[in-house]
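Chemist: This is the structure I have questions about; it appears just below.
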Amino acid sequence: MSGYEPIRKVISGNYAAAYAARDARVQVVAAYPITPQTSIIEKIAEFIANGEADIQYVPVESEHSAMAACIGASATGARAFTATSAQGLALMHEMLHWASGARLPIVMVDVNRAMAPPWSVWDDQTDSLAQRDTGWMQFYAENNQEVYDGVLMAFKVAEQVNLPAMVVESAFILSHTYDVVEMIPQKLVDEFLPPREPLYDLADFSRPFSVGALGTPDDYYEFRYKIARAMEDAVKVIRDVGKEFGERFGRDYGSMIELYRTEDADFVFLGLGSLMGTVKQAVDVLREEGYRVGAAKVRWFRPFPKRELYELAKTVDGIAVLDRNYSFGMEGILFTETKAALYGTDAHPLVRNYIVGLGGRDFTVKDIRNVASDMMKAMEGGETSEEILWYHLKRG
Amino acid sequence: MAESPFKEDIERVQKEYSEKMTLGAVAVIPGSSVVNKTGSWRVFMPEFNKDKCVRCFLCYIYCPEPAIYLDEENYPVFDYDYCKGCGICANECPTKAIVMVRETK
Amino acid sequence: MEVPDEIKKRLTLPFEEHFYAGHTACQGCGASLGLRYVLKAYGRKTIVVIPACCSTIIAGAWPYSTLDANLFHTAFETTGAVISGVEAALKARGIKVKGEDGVMVVGWAGDGGTADIGLQALSGFIERGHDAVYIMYDNEAYMNTGIQRSSSTPYGAWTTNTPGGKRHFLERRHKKKVIDIVIAHRIPYAATASDAYPEDFLRKLKKAQKTPGPSFIQLFAPCPTGWRSPTDKSIELARLAVQTAYFPLFEYENGRYRINMPSTKKDPKPIEEFLKLQGRFKYMTKEDVETLQSWVLAEWERLKKLAEVFG
Ligand SMILES: Cc1ncc(C[n+]2csc(CCOP(=O)(O)OP(=O)(O)O)c2C)c(N)n1
Ligand code: SF4
Ligand code: SF4
Ligand code: SF4
Ligand SMILES: [Mg+2]
């Protein structure tokens with residue numbers, strides 16, 4: 001680890017995202033306001049206004065156009081960035097496919113927010129997880145520092161594999177909560193993240209080309225395969241970039257699942273994002289009370305860290321999957337993915353699903369203790385409730 | 001002119017494409033549509049009578065393919081590899097130097 | 001090929017071709033001809049953005065390309081937004097846009113992709129003032145999906161979702177004057193153009209190139225397949241549309257309207273001359289024709305007044 005002097009600031013998760021975009025030297029930002037994303041784009045506008053950043057800012061008329069403009073910009077060789085939440089992300093859906101299909105390394109911050117109706121502006125992971133199959137990589141930040149680091153790493157990974165990446169943070173819990181963030185001096189960021197070398201560039205006229213033409217059944221299939229392969233290759237790139245980040249800046253992201261006190265654990269909590277900060281606290285408490293538990297935070301949901309999950313699953317008897325999201329007609333989305341990743345392997349932990357915190361409902365250390373005792377009961381083969389537990393449900 | 005400036009590359013790149021797909025569906029041969037010989041669509045063909053032609057270029061201007069180019073003497077030349085036989089040139093020719101006749105091939 | 005002087009003098013369009021044969025447009029397609037003209041005007045240093053429409057197919061299936069210019073295919077409703085992003089990136093990179101030697105950013109979209117689903121992105125593009133040219137080729141229906149009506153389809157037209165039939169279920173709304181919406185933005189330059197008048201169209205394309213900020217051109221582009229018209233009549237129809245004042249040629253430049261030749265020349269021909277060559281109008285009753293005729297003339301009078309007052 002190099003002995004550099006970080007720039008410490010107490011900032012919100014949204015400001016961390018904006019600072020990271022600035023430090024990544026993004027060239028084009030096209031965005032549309034939505035709570036709780038707004039302070040990201042406001043901050044970027046402020047950087048431009050103050051002459052702190054040289055960015056073409058396109059104040060588009062919708063999120064659909066935000067992504068479309070980022071696509072145009074990225075296809076023209078620029079480093080493009082946007083941010084949104086919930087309804088805005090859903091409106092972008094069509095263009096998310098376009099970005100990955102055209103192999104454009106756009107980076108977007110999604111501030112997780114519940115989908116309406118009823119209207120809600122609070123934390124919920126369903127908006128981003130519903131974009132699972134669009135060919136975007138997804139990084140979930142636990143805290144403001146990870147928002148900052150995540151954006152920088154996302155650009156580096158995206159530009160290596162030619163796929164877009166989403167950095168996800170929680171509504172209010174991170175977006176509007178202030179915390180210390182160690183930012184990296186520009187010169188060092190530049191060394192970590194050199195200027196983009198695009199796969200193609202619409203401003204290069206030496207040999208005209210077209211992008212995204214009709215693909216017949218004879219060709220389309222192979223283009224999909226290429227994206228599938230790029231996603232798989234991204235696993236190694238993500239780990240390498242995460243490791244390099246650690247070596248340069250002291251915070252290691254070499255693994256796609258972060259393990260916390262899992263060594264001798266009987267079971268672990270598995271989850272995404274800011275939720276896992278609370279879980280780690282609870283793990284400390286539970287450990288003191290004699291539970292042998294740990295926490296496993298899925299940093300990258302796409303590509304899904306199948307291998308790392310398997311390695312973990314081999315060492316534990318149970319996995320309590322905490323989903324702040326739901327796929328109607330099935331179950332929590334991370335729960336599905338977890339089981340699918342372990343299917344057919346020799347790892348057979350008990351996997352249970354806890355639906356928690358939807359629409360920003362508080363999920364506290366006390367709640368985690370309750371989940372732990374339910375989990376212990378289940379593992380001991382005792383009488384437990386159903387496999388998918390709607391933990392907070394007000395019954396009757 | 002219906003000839004791609006990169007005509008000589010087309011065969012080579014066609015082979016390359018089948019072996020190695022480009023990322024992002026990038027097509028890198030400008031004007032490579034010339035591999036499609038759309039002349040086979042034709043039912044009526046433009047028949048040109050040089051004696052009547054006043055070299056006004058209207059046929060050249062209005063051909064949507066384009067399948068008409070000009071020879072050294074500025075007369076229109078019909079590229080039957082690509083002419084779809086729409087008849088616009090005949091309809092627009094002010095001197096009736098072009099008539100549409102049923103294809104005989 | 002060396003172009004002889006004599007030709008250079010007589011040929012009023014650039015000889016250079018950046019649109020190639022072998023494309024799969026229907027016979028007599030006005031859209032393909034229009035795109036050929038655009039590339040003649042702007043040459044190779046052009047970034048063309050095409051949304052879902054017939055031109056998606058005309059431009060060639062992978063790995064082929066009809067164009068000798070850079071082309072980005074995009075989603076149906078996004079032309080205005082994508083050209084905005086392209087322009088922003090060029091500026092971010094310090095590349096000159098528009099003007100004599102700048103890169104031309106061109107959106108080439110159908111009437112459906114412009115007047116209907118893409119209207120919002122078009123509005124955003126104009127309102128924000130990007131240096132790019134948006135060309136709507138107007139074939140008056142959704143042709144690529146099989147001739148469904150759009151808001152640009154004229155009164156009385158048959159389409160596959162206004163099929164006439166026993167209940168006389170034809171298009172019952174007049175053609176949306178999308179250019180009026182464009183002008184409501186006080187755009188620096190907007191114009192109508194027609195496949196039949198390539199010199200006028202090229203002059204307008206050049207003007208769009210020179211005028212800083214956004215430009216919009218609505219090109220009347222006949223579609224024999226969708227209009228049920230003989231393939232050799234495409235240019236004649238484009239001409240008749242102008243001569244009947246159904247589709248007058250005019251420009252809006254810095255707040256001033258100017259009606260262009262040949263729309264200025266004579267009184268409009270009867271609309272029947274335009275209608276009778278097209279199968280899509282064959283179900284119209286006498287009253288339908290009268291309704292359309294009086295609408296055409298009323299709109300024509302309105303335009304003349306605008307040109308008078310704001311000329
Ligand atoms: C979001 C979306 N809705 C519908 C379509 C289907 N679609 C493709 S092209 C088209 C019609 C295009 O009409 P127009 O813009 O007038 O162009 P034309 O085909 O007439 O040239 C439609 C409806 C689509 N591609 N995307
Ligand atoms: S018939 Fe049509 S395609 Fe053939 S040369 Fe004449 S205008 Fe061109
Ligand atoms: S339109 Fe007729 S007269 Fe004019 S150049 Fe063509 S063939 Fe000759
Ligand atoms: S349907 Fe009409 S617009 Fe489409 S390719 Fe055919 S003629 Fe051209
Ligand atoms: Mg149309």
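Note on naming: chains are A, B, ... as they come in the structure tokens, residues start from 1 per chain, ligands start from 1 in the order shown.
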Please list as a ChimeraX atom specification every residue within 12 Å of C:Glu287, counting only C-alpha atoms and excluding residues in the same chain fewer than 6 positions away.
Modeler: /C:155-156,293-294
Chemist: Set the cut-off to 6 Å and count only C-alpha atoms: what are the residues of chain C that reach chain A? Output as a VMD selection string.
Modeler: chain C and resid 61 to 62 68 to 73 81 to 82 84 to 86 88 to 89 92 124
Chemist: Enumerate, in order of chain and increasing residue number, the residues of chain C with an atom no farther than 7 Å from ligand 1, each with its shortest atom pair and distance in Å to one decimal, counting only C-alpha atoms and all ligand atoms, as JSON lines.
Modeler:
{"residue": "C:Ala52", "atom": "CA", "partner": "ligand 1", "partner_atom_place_in_ligand_line": "9 (S)", "distance": 4.4}
{"residue": "C:Cys53", "atom": "CA", "partner": "ligand 1", "partner_atom_place_in_ligand_line": "19 (O)", "distance": 3.6}
{"residue": "C:Cys54", "atom": "CA", "partner": "ligand 1", "partner_atom_place_in_ligand_line": "21 (O)", "distance": 3.8}
{"residue": "C:Ser55", "atom": "CA", "partner": "ligand 1", "partner_atom_place_in_ligand_line": "21 (O)", "distance": 6.0}
{"residue": "C:Ala75", "atom": "CA", "partner": "ligand 1", "partner_atom_place_in_ligand_line": "26 (N)", "distance": 6.2}
{"residue": "C:Phe76", "atom": "CA", "partner": "ligand 1", "partner_atom_place_in_ligand_line": "26 (N)", "distance": 4.8}
{"residue": "C:Glu77", "atom": "CA", "partner": "ligand 1", "partner_atom_place_in_ligand_line": "1 (C)", "distance": 6.5}
{"residue": "C:Ala109", "atom": "CA", "partner": "ligand 1", "partner_atom_place_in_ligand_line": "15 (O)", "distance": 6.0}
{"residue": "C:Gly110", "atom": "CA", "partner": "ligand 1", "partner_atom_place_in_ligand_line": "15 (O)", "distance": 3.4}
{"residue": "C:Asp111", "atom": "CA", "partner": "ligand 1", "partner_atom_place_in_ligand_line": "16 (O)", "distance": 4.0}
{"residue": "C:Gly112", "atom": "CA", "partner": "ligand 1", "partner_atom_place_in_ligand_line": "15 (O)", "distance": 3.4}
{"residue": "C:Gly113", "atom": "CA", "partner": "ligand 1", "partner_atom_place_in_ligand_line": "15 (O)", "distance": 3.7}
{"residue": "C:Thr114", "atom": "CA", "partner": "ligand 1", "partner_atom_place_in_ligand_line": "15 (O)", "distance": 6.5}
{"residue": "C:Asp138", "atom": "CA", "partner": "ligand 1", "partner_atom_place_in_ligand_line": "16 (O)", "distance": 6.8}
{"residue": "C:Asn139", "atom": "CA", "partner": "ligand 1", "partner_atom_place_in_ligand_line": "20 (O)", "distance": 5.7}
{"residue": "C:Glu140", "atom": "CA", "partner": "ligand 1", "partner_atom_place_in_ligand_line": "16 (O)", "distance": 6.5}
{"residue": "C:Ala141", "atom": "CA", "partner": "ligand 1", "partner_atom_place_in_ligand_line": "16 (O)", "distance": 5.0}
{"residue": "C:Tyr142", "atom": "CA", "partner": "ligand 1", "partner_atom_place_in_ligand_line": "13 (O)", "distance": 3.4}
{"residue": "C:Met143", "atom": "CA", "partner": "ligand 1", "partner_atom_place_in_ligand_line": "20 (O)", "distance": 3.7}
{"residue": "C:Asn144", "atom": "CA", "partner": "ligand 1", "partner_atom_place_in_ligand_line": "19 (O)", "distance": 3.5}
{"residue": "C:Thr145", "atom": "CA", "partner": "ligand 1", "partner_atom_place_in_ligand_line": "10 (C)", "distance": 5.2}
{"residue": "C:Ser150", "atom": "CA", "partner": "ligand 1", "partner_atom_place_in_ligand_line": "16 (O)", "distance": 6.8}
Chemist: Please return, as an NGL selection string, all residues of chain C lying within 6 Å of chain B when only C-alpha atoms are considered.
Modeler: :C and (20-23 or 27-28 or 32-33 or 63-68 or 231-232)
Chemist: So which bits of stretch 53-96 of chain C end up helix (DSSP H, G or I) when you DSSP the backbone, as a list in words?
Modeler: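 Filtering stretch 53-96 of chain C to helix (DSSP H, G or I) leaves Cys54, Ser55, Thr56, Ile57, Ile58, Thr79, Gly80, Ala81, Val82, Ile83, Ser84, Gly85, Val86, Glu87, Ala88, Ala89, Leu90, Lys91 and Ala92 of chain C.
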Chemist: Output C-alpha atoms for every residue in that selection, as a compact mmCIF listing (two decimals), in the first residue's frame.
Modeler:
# COMPACT_ATOMS: atom_id res chain seq x y z
CA CYS C 54 -37.62 1.28 -42.51
CA SER C 55 -34.18 2.86 -42.70
CA THR C 56 -32.93 0.38 -40.12
CA ILE C 57 -33.36 -2.24 -42.80
CA ILE C 58 -32.28 -0.02 -45.67
CA THR C 79 -33.12 9.89 -31.92
CA GLY C 80 -33.27 13.33 -30.33
CA ALA C 81 -31.55 12.13 -27.19
CA VAL C 82 -28.83 10.11 -28.90
CA ILE C 83 -27.81 12.94 -31.24
CA SER C 84 -27.70 15.17 -28.16
CA GLY C 85 -25.30 12.75 -26.49
CA VAL C 86 -23.16 12.38 -29.60
CA GLU C 87 -22.90 16.15 -29.91
CA ALA C 88 -22.06 16.53 -26.21
CA ALA C 89 -19.28 13.97 -26.55
CA LEU C 90 -17.81 15.70 -29.59
CA LYS C 91 -17.79 18.97 -27.69
CA ALA C 92 -16.31 17.34 -24.61
Chemist: Report, in Å with one decimal, the straight-line distance from atom CA of A:Val321 to atom CA of A:Lys243.
Modeler: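 One can read the atom CA of A:Val321 to atom CA of A:Lys243 distance as 26.5 Å.
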Chemist: Would you compute the distance between atom CA of A:Thr315 and atom CA of A:Arg261? Give it in Å to one decimal.
Modeler: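 Value for the atom CA of A:Thr315-atom CA of A:Arg261 distance: 12.3 Å.
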Chemist: Between atom CA of C:Ile187 and atom CA of C:Leu237, what is the spacing in Å?
Modeler: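 Going from atom CA of C:Leu237 over to atom CA of C:Ile187, I get 29.0 Å.
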